[in-house]
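Note: the block below is input39.txt and it holds compact mmCIF, C-alpha atoms.
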```
# COMPACT_ATOMS: atom_id res chain seq x y z
CA THR A 27 -15.36 -1.25 7.78
CA GLN A 28 -14.79 0.45 4.46
CA LEU A 29 -14.06 -1.83 1.52
CA LEU A 30 -12.64 -1.15 -1.92
CA GLU A 31 -13.24 -3.67 -4.67
CA GLN A 32 -10.96 -3.62 -7.70
CA SER A 33 -11.71 -5.22 -11.02
CA PRO A 34 -10.46 -7.01 -12.89
CA GLN A 35 -8.04 -8.85 -10.61
CA PHE A 36 -5.86 -9.90 -13.55
CA LEU A 37 -5.42 -8.28 -16.94
CA SER A 38 -3.22 -9.64 -19.74
CA ILE A 39 -3.09 -7.59 -22.93
CA GLN A 40 -0.94 -6.91 -25.98
CA GLU A 41 1.18 -3.82 -26.40
CA GLY A 42 -0.84 -0.99 -27.90
CA GLU A 43 -4.21 -2.00 -26.44
CA ASN A 44 -6.26 0.20 -24.13
CA LEU A 45 -7.49 -0.92 -20.71
CA THR A 46 -9.51 0.28 -17.75
CA VAL A 47 -9.22 -0.76 -14.11
CA TYR A 48 -12.09 -0.07 -11.74
CA CYS A 49 -12.16 0.63 -8.01
CA ASN A 50 -15.57 0.57 -6.33
CA SER A 51 -16.91 1.06 -2.83
CA SER A 52 -20.19 1.57 -1.03
CA SER A 53 -18.44 4.14 1.17
CA VAL A 54 -17.60 7.77 0.46
CA PHE A 55 -13.94 8.75 0.56
CA SER A 56 -12.36 12.19 0.84
CA SER A 57 -9.65 11.19 -1.60
CA LEU A 58 -8.67 8.27 -3.75
CA GLN A 59 -5.08 7.34 -4.50
CA TRP A 60 -3.62 5.05 -7.13
CA TYR A 61 -0.33 3.24 -6.55
CA ARG A 62 1.80 1.12 -8.86
CA GLN A 63 3.96 -1.68 -7.54
CA GLU A 64 6.71 -3.56 -9.36
CA PRO A 65 7.95 -7.02 -8.30
CA GLY A 66 10.21 -6.88 -5.26
CA GLU A 67 9.41 -3.25 -4.55
CA GLY A 68 6.94 -1.28 -2.48
CA PRO A 69 4.00 0.63 -3.99
CA VAL A 70 4.69 4.06 -5.44
CA LEU A 71 2.02 6.76 -5.54
CA LEU A 72 0.84 7.71 -9.05
CA VAL A 73 -1.93 10.19 -8.33
CA THR A 74 -4.44 11.48 -5.79
CA VAL A 75 -7.95 12.59 -6.78
CA VAL A 76 -10.06 14.54 -4.30
CA THR A 77 -13.05 16.14 -6.02
CA GLY A 78 -16.10 14.25 -7.25
CA GLY A 79 -15.90 14.00 -11.05
CA GLU A 80 -12.22 14.97 -11.09
CA VAL A 81 -10.10 13.73 -13.97
CA LYS A 82 -6.30 13.69 -13.87
CA LYS A 83 -3.94 12.68 -16.62
CA LEU A 84 -0.44 11.35 -16.26
CA LYS A 85 0.94 10.82 -19.79
CA ARG A 86 -1.03 7.81 -21.11
CA LEU A 87 -2.80 7.21 -17.79
CA THR A 88 -6.15 8.85 -17.03
CA PHE A 89 -7.62 8.74 -13.53
CA GLN A 90 -11.20 9.62 -12.68
CA PHE A 91 -12.97 10.02 -9.35
CA GLY A 92 -16.68 9.25 -9.38
CA ASP A 93 -19.19 12.06 -8.82
CA ALA A 94 -20.25 10.55 -5.49
CA ARG A 95 -16.63 9.90 -4.43
CA LYS A 96 -17.34 6.18 -4.03
CA ASP A 97 -15.52 4.87 -7.10
CA SER A 98 -12.59 5.55 -9.38
CA SER A 99 -11.12 4.30 -12.62
CA LEU A 100 -7.70 4.11 -14.20
CA HIS A 101 -7.54 4.09 -18.00
CA ILE A 102 -4.32 3.35 -19.86
CA THR A 103 -4.08 4.23 -23.54
CA ALA A 104 -1.77 2.29 -25.84
CA ALA A 105 -0.31 0.13 -23.08
CA GLN A 106 3.40 -0.63 -23.13
CA PRO A 107 5.39 -3.48 -21.52
CA GLY A 108 6.73 -0.94 -19.04
CA ASP A 109 3.20 -0.52 -17.67
CA THR A 110 3.32 -4.08 -16.35
CA GLY A 111 2.80 -4.21 -12.60
CA LEU A 112 0.33 -4.32 -9.74
CA TYR A 113 -2.05 -1.36 -9.57
CA LEU A 114 -3.62 -0.55 -6.21
CA CYS A 115 -6.32 1.94 -5.35
CA ALA A 116 -6.55 3.33 -1.82
CA GLY A 117 -9.28 5.42 -0.21
CA GLY A 118 -8.60 8.05 2.42
CA LEU A 119 -10.52 10.29 4.79
CA ASN A 120 -9.53 13.87 5.67
CA GLY A 121 -8.05 14.18 9.09
CA TYR A 122 -7.43 10.46 9.35
CA GLY A 123 -4.21 9.01 8.04
CA LYS A 124 -5.16 5.37 7.54
CA LEU A 125 -5.85 4.25 3.98
CA THR A 126 -8.15 1.46 2.82
CA PHE A 127 -6.56 -0.49 -0.04
CA GLY A 128 -8.21 -2.45 -2.80
CA GLN A 129 -6.96 -5.95 -3.51
CA GLY A 130 -5.06 -4.85 -6.60
CA THR A 131 -5.03 -5.49 -10.35
CA ILE A 132 -2.11 -7.38 -11.86
CA LEU A 133 -1.47 -5.99 -15.34
CA THR A 134 0.74 -7.79 -17.85
CA VAL A 135 1.46 -6.11 -21.17
CA HIS A 136 3.00 -8.43 -23.75
CA PRO A 137 5.34 -7.05 -26.44
CA ASN B 20 18.16 9.59 -0.50
CA ALA B 21 17.35 6.23 1.13
CA GLY B 22 13.69 6.94 1.99
CA VAL B 23 12.27 3.96 3.89
CA THR B 24 14.69 1.12 4.62
CA GLN B 25 13.54 -2.32 5.75
CA THR B 26 15.63 -5.23 6.99
CA PRO B 27 15.88 -8.10 6.38
CA LYS B 28 14.79 -8.53 2.75
CA PHE B 29 14.05 -12.24 3.17
CA GLN B 30 13.52 -14.44 6.23
CA VAL B 31 12.53 -18.06 6.84
CA LEU B 32 11.29 -19.03 10.28
CA LYS B 33 10.08 -22.19 11.90
CA THR B 34 6.72 -22.19 13.66
CA GLY B 35 7.13 -20.77 17.15
CA GLN B 36 10.28 -18.77 16.46
CA SER B 37 10.38 -15.06 17.08
CA MET B 38 11.86 -12.23 15.05
CA THR B 39 11.83 -8.47 14.64
CA LEU B 40 11.48 -6.63 11.36
CA GLN B 41 13.29 -3.32 11.33
CA CYS B 42 12.23 -0.14 9.55
CA ALA B 43 13.84 3.27 9.40
CA GLN B 44 12.96 6.43 7.45
CA ASP B 45 15.16 9.45 6.81
CA MET B 46 12.46 11.90 5.65
CA ASN B 47 11.64 13.29 9.12
CA HIS B 48 8.12 11.89 8.82
CA ASN B 49 5.85 11.81 11.84
CA SER B 50 3.73 8.76 10.96
CA MET B 51 4.81 5.19 10.26
CA TYR B 52 2.90 2.05 9.32
CA TRP B 53 3.29 -1.70 8.99
CA TYR B 54 1.31 -3.52 6.29
CA ARG B 55 1.15 -7.09 5.14
CA GLN B 56 0.45 -8.06 1.55
CA ASP B 57 -1.07 -11.38 0.59
CA PRO B 58 -2.16 -12.51 -2.90
CA GLY B 59 -5.63 -11.22 -3.73
CA MET B 60 -5.88 -9.32 -0.43
CA GLY B 61 -4.20 -6.02 -1.21
CA LEU B 62 -2.41 -4.29 1.66
CA ARG B 63 -3.74 -4.74 5.17
CA LEU B 64 -2.68 -2.50 8.02
CA ILE B 65 -1.17 -4.30 10.99
CA TYR B 66 -0.15 -1.42 13.28
CA TYR B 67 0.56 2.25 12.88
CA SER B 68 2.24 5.05 14.76
CA ALA B 69 0.61 8.41 14.13
CA SER B 70 3.45 10.21 15.90
CA GLU B 71 6.51 9.42 17.97
CA GLY B 72 5.45 7.87 21.25
CA THR B 73 2.10 6.49 20.03
CA THR B 74 1.11 3.18 18.44
CA ASP B 75 -2.30 1.81 17.51
CA LYS B 76 -3.77 -1.38 16.12
CA GLY B 77 -4.75 -1.60 12.51
CA GLU B 78 -6.91 -4.12 10.72
CA VAL B 79 -4.93 -7.31 11.49
CA PRO B 80 -2.86 -6.84 14.69
CA ASN B 81 -3.15 -10.30 16.24
CA GLY B 82 0.20 -12.06 16.67
CA TYR B 83 2.25 -8.87 16.26
CA ASN B 84 3.73 -6.17 18.44
CA VAL B 85 5.38 -2.91 17.48
CA SER B 86 7.79 -0.40 18.93
CA ARG B 87 8.27 3.19 17.83
CA LEU B 88 11.86 3.43 18.97
CA ASN B 89 12.28 7.08 17.96
CA LYS B 90 11.02 9.33 15.18
CA ARG B 91 13.03 7.42 12.55
CA GLU B 92 12.50 3.80 13.56
CA PHE B 93 9.44 1.56 13.81
CA SER B 94 9.90 -2.17 14.39
CA LEU B 95 7.48 -5.09 14.06
CA ARG B 96 7.88 -8.17 16.24
CA LEU B 97 6.48 -11.64 15.79
CA GLU B 98 6.67 -13.31 19.21
CA SER B 99 5.70 -16.83 18.10
CA ALA B 100 5.53 -17.13 14.33
CA ALA B 101 2.74 -19.11 12.69
CA PRO B 102 2.37 -20.30 9.07
CA SER B 103 -0.54 -17.85 8.67
CA GLN B 104 2.00 -15.04 9.08
CA THR B 105 3.76 -16.04 5.86
CA SER B 106 3.48 -12.84 3.84
CA VAL B 107 5.30 -9.85 2.43
CA TYR B 108 5.62 -7.09 5.01
CA PHE B 109 5.88 -3.44 4.08
CA CYS B 110 6.81 -0.51 6.23
CA ALA B 111 5.61 2.93 5.17
CA SER B 112 5.83 6.50 6.39
CA SER B 113 3.97 9.73 5.83
CA GLU B 114 4.54 13.33 6.79
CA ALA B 115 1.60 13.54 9.19
CA PHE B 116 -1.45 11.51 10.19
CA ARG B 117 -3.98 13.90 8.72
CA GLY B 118 -5.19 12.28 5.52
CA GLY B 119 -6.28 14.68 2.84
CA PRO B 120 -5.13 15.37 -0.70
CA ASN B 121 -1.52 15.99 0.16
CA GLU B 122 -1.01 12.92 2.28
CA LYS B 123 1.35 10.48 0.63
CA LEU B 124 2.67 7.14 1.79
CA PHE B 125 6.28 6.21 1.10
CA PHE B 126 6.93 2.47 1.18
CA GLY B 127 10.01 0.38 1.83
CA SER B 128 10.87 -2.46 -0.52
CA GLY B 129 9.41 -5.15 1.71
CA THR B 130 10.39 -8.24 3.71
CA GLN B 131 9.38 -11.61 2.34
CA LEU B 132 8.72 -13.85 5.34
CA SER B 133 8.06 -17.58 5.21
CA VAL B 134 6.99 -19.50 8.30
CA LEU B 135 7.36 -23.26 7.98
```

Can you dump the structure from the file as structure tokens?
Amino acid sequence: TQLLEQSPQFLSIQEGENLTVYCNSSSVFSSLQWYRQEPGEGPVLLVTVVTGGEVKKLKRLTFQFGDARKDSSLHITAAQPGDTGLYLCAGGLNGYGKLTFGQGTILTVHP
Amino acid sequence: NAGVTQTPKFQVLKTGQSMTLQCAQDMNHNSMYWYRQDPGMGLRLIYYSASEGTTDKGEVPNGYNVSRLNKREFSLRLESAAPSQTSVYFCASSEAFRGGPNEKLFFGSGTQLSVL
């Protein structure tokens, strides 16, 4: 069984602060996805990283895939209240459609 | 564009009652999935259907059954509900069951189920 551990589980910060969420595993994944979920809604895909060491940026969000493809991080610069939500990482394997999800990080950004 | 539609949005059951959660997608996707989400547990796969006509167990299938009615619809049935099945249930779909960098899950907005 492949497991993904996310940390921290909860994050409460002030508007304008920076933060990093980590997603770690002992298993190698072909790709790593990050989803964001708002209350009462389903998760929405933010990004997919596939190459070891890959860095992708989405406005103030920076995603990195570890060199060994076992871990990933999400960094948010100058967080805003609109970033509030549940962030989920999910690991995938090529040729196999099931994803393994981390337990999620609940981010609250206070104005 | 509706995407993935789940019904009902909320449901309260008594222990032992049965019910079916409905899911339909209008994106012509081949693969469909049922997940449950519990606090601190992330999303756990209950059952999936890689293509029309096939279904397979996921991580937590006990107490559930599924039916892939056609390419659009994938239902989840609780035959005899238990309090441990209190959760938020999400249906999802993807273009094909091949993983890889272009694979993307589209989720419905969820069903909040309470079993008393």

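Between atom CA of B:Thr34 and atom CA of B:Gln56 lies a distance of 19.6 Å.
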
*Have a look at A:Ser57, A:Gln63, A:Thr134, A:Thr88 and name the one nearest to chain B; count only C-alpha atoms.*
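Residue with the minimum atom-to-atom distance to chain B: A:Ser57.
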
Kindly extract all protein, DNA and RNA residues lying within 12 Å of the coordinates (4.1, -23.4, 8.5) given in the file, considering all atoms listed in the file, and supply them as a PDB file with C-alpha atoms, in the frame of the given file.
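The resulting part31.pdb:
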```pdb
ATOM      1  CA  VAL B  31      12.530 -18.060   6.840  1.00  0.00           C
ATOM      2  CA  LEU B  32      11.290 -19.030  10.280  1.00  0.00           C
ATOM      3  CA  LYS B  33      10.080 -22.190  11.900  1.00  0.00           C
ATOM      4  CA  THR B  34       6.720 -22.190  13.660  1.00  0.00           C
ATOM      5  CA  GLY B  35       7.130 -20.770  17.150  1.00  0.00           C
ATOM      6  CA  GLN B  36      10.280 -18.770  16.460  1.00  0.00           C
ATOM      7  CA  SER B  99       5.700 -16.830  18.100  1.00  0.00           C
ATOM      8  CA  ALA B 100       5.530 -17.130  14.330  1.00  0.00           C
ATOM      9  CA  ALA B 101       2.740 -19.110  12.690  1.00  0.00           C
ATOM     10  CA  PRO B 102       2.370 -20.300   9.070  1.00  0.00           C
ATOM     11  CA  SER B 103      -0.540 -17.850   8.670  1.00  0.00           C
ATOM     12  CA  GLN B 104       2.000 -15.040   9.080  1.00  0.00           C
ATOM     13  CA  THR B 105       3.760 -16.040   5.860  1.00  0.00           C
ATOM     14  CA  SER B 106       3.480 -12.840   3.840  1.00  0.00           C
ATOM     15  CA  LEU B 132       8.720 -13.850   5.340  1.00  0.00           C
ATOM     16  CA  SER B 133       8.060 -17.580   5.210  1.00  0.00           C
ATOM     17  CA  VAL B 134       6.990 -19.500   8.300  1.00  0.00           C
ATOM     18  CA  LEU B 135       7.360 -23.260   7.980  1.00  0.00           C
TER      19      LEU B 135
END
```

_With all atoms listed in the file as the counted atoms, please give the residues lying no more than 10 Å from A:Lys82, apart from itself and same-chain residues fewer than 4 positions off, as a list in words._
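Skipping anything fewer than 4 positions along the chain leaves Val73, Thr74, Val75, Leu87, Thr88, Phe89, Gln90, Phe91 and Leu100 of chain A.
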
Restrict the calculation to only C-alpha atoms, then for each residue of chain B with any atom at most 6 Å from an atom of chain A give the closest atom pair and their distance in Å to one decimal, rows by chain and rising residue number, as a tab-separated table.
```
residue	atom	partner	partner_atom	distance
B:Gly59	CA	A:Gln129	CA	5.4
B:Met60	CA	A:Gln129	CA	4.7
B:Gly61	CA	A:Gln129	CA	3.6
B:Leu62	CA	A:Phe127	CA	5.9
B:Phe116	CA	A:Gly123	CA	4.3
B:Arg117	CA	A:Gly121	CA	4.1
B:Gly118	CA	A:Gly123	CA	4.2
B:Gly119	CA	A:Asn120	CA	4.4
B:Phe126	CA	A:Gly68	CA	5.2
B:Gly127	CA	A:Gly68	CA	5.5
B:Ser128	CA	A:Glu67	CA	4.4
```

_What does the structure give for the distance between atom CA of B:Thr24 and atom CA of A:Leu84, in Å to one decimal?_
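These two atoms are separated by 27.7 Å.
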
*asked:* Can you measure atom CA of A:Leu133 to atom CA of A:Ser98 for me? One decimal in Å is fine.
replied: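 Distance between the two atoms: 17.1 Å.
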
*Selected residue, from B:Met51, B:Leu64, B:Ala43, B:Ala69, that lies nearest to B:Tyr83 when counting all atoms listed in the file*: B:Leu64

Around stretch 119-125 of chain B, fit a box with edges along x, y and z, padding it by 3 Å on each side, then list its centre and edge lengths in Å to one decimal as AutoDock Vina command-line options.
```
--center_x 0.0 --center_y 11.1 --center_z 1.1 --size_x 18.6 --size_y 15.8 --size_z 9.5
```

Using only C-alpha atoms, determine which residues lie at most 12 Å from stretch 105-108 of chain A, disregarding the query and same-chain residues fewer than 5 positions distant; provide the list as a PDB file with C-alpha atoms, in the coordinates of the input.
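Heads up, here's the output in part_22.pdb:
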```pdb
ATOM      1  CA  LEU A  37      -5.420  -8.280 -16.940  1.00  0.00           C
ATOM      2  CA  SER A  38      -3.220  -9.640 -19.740  1.00  0.00           C
ATOM      3  CA  ILE A  39      -3.090  -7.590 -22.930  1.00  0.00           C
ATOM      4  CA  GLN A  40      -0.940  -6.910 -25.980  1.00  0.00           C
ATOM      5  CA  GLU A  41       1.180  -3.820 -26.400  1.00  0.00           C
ATOM      6  CA  GLY A  42      -0.840  -0.990 -27.900  1.00  0.00           C
ATOM      7  CA  GLU A  43      -4.210  -2.000 -26.440  1.00  0.00           C
ATOM      8  CA  ASN A  44      -6.260   0.200 -24.130  1.00  0.00           C
ATOM      9  CA  LEU A  45      -7.490  -0.920 -20.710  1.00  0.00           C
ATOM     10  CA  THR A  46      -9.510   0.280 -17.750  1.00  0.00           C
ATOM     11  CA  ARG A  62       1.800   1.120  -8.860  1.00  0.00           C
ATOM     12  CA  GLN A  63       3.960  -1.680  -7.540  1.00  0.00           C
ATOM     13  CA  GLU A  64       6.710  -3.560  -9.360  1.00  0.00           C
ATOM     14  CA  LYS A  85       0.940  10.820 -19.790  1.00  0.00           C
ATOM     15  CA  ARG A  86      -1.030   7.810 -21.110  1.00  0.00           C
ATOM     16  CA  LEU A  87      -2.800   7.210 -17.790  1.00  0.00           C
ATOM     17  CA  LEU A 133      -1.470  -5.990 -15.340  1.00  0.00           C
ATOM     18  CA  THR A 134       0.740  -7.790 -17.850  1.00  0.00           C
ATOM     19  CA  VAL A 135       1.460  -6.110 -21.170  1.00  0.00           C
ATOM     20  CA  HIS A 136       3.000  -8.430 -23.750  1.00  0.00           C
ATOM     21  CA  PRO A 137       5.340  -7.050 -26.440  1.00  0.00           C
TER      22      PRO A 137
END
```

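The list of residues with at least one atom within 7 Å of B:Pro27, based on all atoms listed in the file and without residues fewer than 3 positions apart in the same chain, reads B:Gln30, B:Leu40, B:Thr130.
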
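Nearest-residue note for B:Gly22: choosing from B:Trp53, B:Phe125, B:Phe109, B:Tyr67, the minimum distance belongs to B:Phe125, counting all atoms listed in the file.
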
*Contacts of B:Glu71 at 8 Å or less, counting all atoms listed in the file, minus same-chain residues fewer than 6 places along, as a ChimeraX atom specification?*
/B:49-50,87,89-90

_Surrounding residues of B:Tyr108 excluding itself and chain neighbours under 6 positions, 6 Å, only C-alpha atoms, as a list in words_ =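 Surrounding residues, per the criterion: Tyr54, Arg55, Gly129 and Thr130 of chain B.
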
Because some atoms of stretch 25-36 of chain B are absent here, can you restore all heavy atoms and send them as a PDB file, keeping the file's coordinate frame?
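The new file selection_28.pdb reads:
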```
ATOM      1  N   GLN B  25      14.006  -1.161   4.982  1.00  0.00           N
ATOM      2  CA  GLN B  25      13.540  -2.320   5.750  1.00  0.00           C
ATOM      3  C   GLN B  25      14.621  -3.396   5.752  1.00  0.00           C
ATOM      4  O   GLN B  25      15.282  -3.647   4.742  1.00  0.00           O
ATOM      5  CB  GLN B  25      12.296  -2.935   5.112  1.00  0.00           C
ATOM      6  CG  GLN B  25      11.035  -2.144   5.257  1.00  0.00           C
ATOM      7  CD  GLN B  25       9.853  -2.864   4.648  1.00  0.00           C
ATOM      8  OE1 GLN B  25       9.187  -2.348   3.770  1.00  0.00           O
ATOM      9  NE2 GLN B  25       9.591  -4.090   5.121  1.00  0.00           N
ATOM     10  N   THR B  26      14.755  -4.050   6.907  1.00  0.00           N
ATOM     11  CA  THR B  26      15.630  -5.230   6.990  1.00  0.00           C
ATOM     12  C   THR B  26      14.971  -6.288   7.858  1.00  0.00           C
ATOM     13  O   THR B  26      14.238  -5.954   8.807  1.00  0.00           O
ATOM     14  CB  THR B  26      16.997  -4.867   7.612  1.00  0.00           C
ATOM     15  OG1 THR B  26      16.788  -4.252   8.895  1.00  0.00           O
ATOM     16  CG2 THR B  26      17.793  -3.943   6.714  1.00  0.00           C
ATOM     17  N   PRO B  27      15.162  -7.596   7.549  1.00  0.00           N
ATOM     18  CA  PRO B  27      15.880  -8.100   6.380  1.00  0.00           C
ATOM     19  C   PRO B  27      14.996  -8.063   5.130  1.00  0.00           C
ATOM     20  O   PRO B  27      13.819  -7.749   5.217  1.00  0.00           O
ATOM     21  CB  PRO B  27      16.189  -9.542   6.800  1.00  0.00           C
ATOM     22  CG  PRO B  27      15.015  -9.933   7.643  1.00  0.00           C
ATOM     23  CD  PRO B  27      14.637  -8.683   8.397  1.00  0.00           C
ATOM     24  N   LYS B  28      15.543  -8.440   4.006  1.00  0.00           N
ATOM     25  CA  LYS B  28      14.790  -8.530   2.750  1.00  0.00           C
ATOM     26  C   LYS B  28      14.039  -9.861   2.677  1.00  0.00           C
ATOM     27  O   LYS B  28      12.927  -9.921   2.165  1.00  0.00           O
ATOM     28  CB  LYS B  28      15.771  -8.422   1.586  1.00  0.00           C
ATOM     29  CG  LYS B  28      15.113  -8.394   0.211  1.00  0.00           C
ATOM     30  CD  LYS B  28      14.554  -7.030  -0.112  1.00  0.00           C
ATOM     31  CE  LYS B  28      14.083  -6.964  -1.567  1.00  0.00           C
ATOM     32  NZ  LYS B  28      13.386  -5.711  -1.875  1.00  0.00           N
ATOM     33  N   PHE B  29      14.656 -10.909   3.170  1.00  0.00           N
ATOM     34  CA  PHE B  29      14.050 -12.240   3.170  1.00  0.00           C
ATOM     35  C   PHE B  29      14.294 -12.886   4.530  1.00  0.00           C
ATOM     36  O   PHE B  29      15.315 -12.653   5.162  1.00  0.00           O
ATOM     37  CB  PHE B  29      14.672 -13.147   2.094  1.00  0.00           C
ATOM     38  CG  PHE B  29      14.544 -12.634   0.700  1.00  0.00           C
ATOM     39  CD1 PHE B  29      15.571 -11.907   0.122  1.00  0.00           C
ATOM     40  CD2 PHE B  29      13.399 -12.875  -0.040  1.00  0.00           C
ATOM     41  CE1 PHE B  29      15.460 -11.434  -1.169  1.00  0.00           C
ATOM     42  CE2 PHE B  29      13.280 -12.410  -1.336  1.00  0.00           C
ATOM     43  CZ  PHE B  29      14.314 -11.680  -1.901  1.00  0.00           C
ATOM     44  N   GLN B  30      13.348 -13.723   4.968  1.00  0.00           N
ATOM     45  CA  GLN B  30      13.520 -14.440   6.230  1.00  0.00           C
ATOM     46  C   GLN B  30      12.676 -15.709   6.200  1.00  0.00           C
ATOM     47  O   GLN B  30      11.524 -15.682   5.756  1.00  0.00           O
ATOM     48  CB  GLN B  30      13.086 -13.566   7.410  1.00  0.00           C
ATOM     49  CG  GLN B  30      13.315 -14.178   8.770  1.00  0.00           C
ATOM     50  CD  GLN B  30      14.794 -14.282   9.123  1.00  0.00           C
ATOM     51  OE1 GLN B  30      15.548 -13.315   9.014  1.00  0.00           O
ATOM     52  NE2 GLN B  30      15.204 -15.461   9.550  1.00  0.00           N
ATOM     53  N   VAL B  31      13.256 -16.804   6.675  1.00  0.00           N
ATOM     54  CA  VAL B  31      12.530 -18.060   6.840  1.00  0.00           C
ATOM     55  C   VAL B  31      12.565 -18.410   8.318  1.00  0.00           C
ATOM     56  O   VAL B  31      13.632 -18.418   8.929  1.00  0.00           O
ATOM     57  CB  VAL B  31      13.151 -19.202   6.013  1.00  0.00           C
ATOM     58  CG1 VAL B  31      12.379 -20.493   6.251  1.00  0.00           C
ATOM     59  CG2 VAL B  31      13.144 -18.851   4.527  1.00  0.00           C
ATOM     60  N   LEU B  32      11.398 -18.672   8.873  1.00  0.00           N
ATOM     61  CA  LEU B  32      11.290 -19.030  10.280  1.00  0.00           C
ATOM     62  C   LEU B  32      10.598 -20.374  10.426  1.00  0.00           C
ATOM     63  O   LEU B  32       9.814 -20.767   9.549  1.00  0.00           O
ATOM     64  CB  LEU B  32      10.458 -17.994  11.048  1.00  0.00           C
ATOM     65  CG  LEU B  32      10.997 -16.586  11.218  1.00  0.00           C
ATOM     66  CD1 LEU B  32       9.956 -15.722  11.947  1.00  0.00           C
ATOM     67  CD2 LEU B  32      12.301 -16.593  11.994  1.00  0.00           C
ATOM     68  N   LYS B  33      10.856 -21.017  11.546  1.00  0.00           N
ATOM     69  CA  LYS B  33      10.080 -22.190  11.900  1.00  0.00           C
ATOM     70  C   LYS B  33       8.937 -21.757  12.815  1.00  0.00           C
ATOM     71  O   LYS B  33       9.049 -20.749  13.536  1.00  0.00           O
ATOM     72  CB  LYS B  33      10.966 -23.214  12.614  1.00  0.00           C
ATOM     73  CG  LYS B  33      12.051 -23.800  11.732  1.00  0.00           C
ATOM     74  CD  LYS B  33      12.867 -24.822  12.496  1.00  0.00           C
ATOM     75  CE  LYS B  33      13.954 -25.406  11.590  1.00  0.00           C
ATOM     76  NZ  LYS B  33      14.812 -26.383  12.324  1.00  0.00           N
ATOM     77  N   THR B  34       7.856 -22.501  12.786  1.00  0.00           N
ATOM     78  CA  THR B  34       6.720 -22.190  13.660  1.00  0.00           C
ATOM     79  C   THR B  34       7.193 -22.074  15.105  1.00  0.00           C
ATOM     80  O   THR B  34       7.919 -22.939  15.603  1.00  0.00           O
ATOM     81  CB  THR B  34       5.650 -23.293  13.538  1.00  0.00           C
ATOM     82  OG1 THR B  34       5.173 -23.321  12.196  1.00  0.00           O
ATOM     83  CG2 THR B  34       4.495 -23.028  14.471  1.00  0.00           C
ATOM     84  N   GLY B  35       6.772 -20.988  15.759  1.00  0.00           N
ATOM     85  CA  GLY B  35       7.130 -20.770  17.150  1.00  0.00           C
ATOM     86  C   GLY B  35       8.330 -19.867  17.368  1.00  0.00           C
ATOM     87  O   GLY B  35       8.534 -19.350  18.473  1.00  0.00           O
ATOM     88  N   GLN B  36       9.133 -19.661  16.322  1.00  0.00           N
ATOM     89  CA  GLN B  36      10.280 -18.770  16.460  1.00  0.00           C
ATOM     90  C   GLN B  36       9.821 -17.320  16.502  1.00  0.00           C
ATOM     91  O   GLN B  36       8.720 -16.992  16.060  1.00  0.00           O
ATOM     92  CB  GLN B  36      11.268 -18.972  15.310  1.00  0.00           C
ATOM     93  CG  GLN B  36      12.053 -20.264  15.396  1.00  0.00           C
ATOM     94  CD  GLN B  36      13.110 -20.380  14.318  1.00  0.00           C
ATOM     95  OE1 GLN B  36      12.881 -20.032  13.160  1.00  0.00           O
ATOM     96  NE2 GLN B  36      14.285 -20.883  14.689  1.00  0.00           N
TER      97      GLN B  36
END
```
